[in-house]
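Novice: Pasting in a structure now, in structure tokens, and then I'll have a few things to ask.
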Amino acid sequence: MLRVGLTGGLGSGKSTVAQMFAAHGVHVLSADEEGRRLMQPGEAVYRKIVEHFGREVVRDDGTLNRALLADLAFRQGRLDELNRIVHPAVIAAQEAWADELFAHDPDAIAMIESALIFEAGVSGSVPGWRDRFDRIVLVTAPDELKIRRFLERVSAGREMTVEQLQSSERDARARLAAQIPDSEKIALSDYVIDNSGSLAETRRQVEEVFTYLCHTVTR
């Protein structure tokens, strides 16, 4: 069995890389998707967020106003408060998923795709964070490329005004500023995938890392 953390900053393309690993048979779980599930009405995380941040973060339909939460977290400096509520529950869900996977397939590679693996450790919201993973794979790209990808994603299929694009760019830069720079993450990672080139080059790197991971799987 092998527990792998796949991480990368906003716009790095880690989700694309995760899909490439999945195509090779790696079992991938998205921390973002788990977080969204746990933040739905009826979940304990939802209740704790509302208790901590107030009813103003709840929409008329009862769901959380994720845009407002993002503004509170990234622009108003309350990211650690949000992480201390969400991260422990997400980590518990990830561990349960991996344990079930290994019970059925001891030779499996379980990969957690998460933007905030390193940040969770620094903030203290996830004690012993490094011990959760046998290997860490970091996806990198220049910050300006990350921002451009983010803007392309948020504007895909919709018309946006100049003001909306500028606001989205400010949001992207605020999120990047809240994340540890790639230059610091590289030294803490086992493998680094440079995703600033073509998809073919990224795929070549993924295949290389996948080979290394297969050689390190242990029962």
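Starting from 1 in every chain, residues are counted up; chains themselves are A, B, ... following the order of the structure tokens, and ligands are numbered from 1 as listed.
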Could you give me, as a PyMOL selection string, the residues within 10 Å of region 107-113 of chain A, counting only C-alpha atoms and dropping anything in the same chain fewer than 4 positions from it?

Specialist: chain A and resi 1-8+14-15+17-18+21-22+25-33+91+94-95+97-99+101-103+117+133+135-137+210+213-214+216-219

Novice: Between region 57-105 of chain A and region 37-52 of chain A, at 7 Å or less, what are the per-residue closest atom pairs and their distances in Å? Count only C-alpha atoms, order by chain and rising residue number, and return it as a tab-separated table.

Specialist:
residue	atom	partner	partner_atom	distance
A:Val57	CA	A:Val50	CA	6.8
A:Gly62	CA	A:Pro41	CA	6.9
A:Thr63	CA	A:Pro41	CA	6.2
A:Ile85	CA	A:Val45	CA	6.6
A:Val86	CA	A:Val45	CA	6.3

Novice: Quick one: DSSP strand (DSSP E or B) residues in region 40-148 of chain A, as a PyMOL selection string?

Specialist: chain A and resi 58+64+109-113+135-140

Novice: Using only C-alpha atoms for the distances, tell me which of A:Ala200, A:Leu79, A:Ile180, A:Ile147 is nearest to Ser168 (chain A).

Specialist: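 With only C-alpha atoms as the atom set, the closest residue is A:Ile147.
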
Novice: Grab the CA of Gly11 (chain A) to CA of Arg75 (chain A) distance for me, in Å with one decimal place.

Specialist: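 CA of Arg75 (chain A) lies 18.2 Å from CA of Gly11 (chain A).
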
Novice: Rounded to one decimal place, report the CA of Thr140 (chain A)-CA of Ala178 (chain A) distance in Å.

Specialist: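 Computing the Euclidean distance for CA of Thr140 (chain A) and CA of Ala178 (chain A) yields 16.0 Å.
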
Novice: Would you list, as a count of residues only, the residues of chain A that end up in helix (DSSP H, G or I) under DSSP run on this structure's backbone?

Specialist: 132
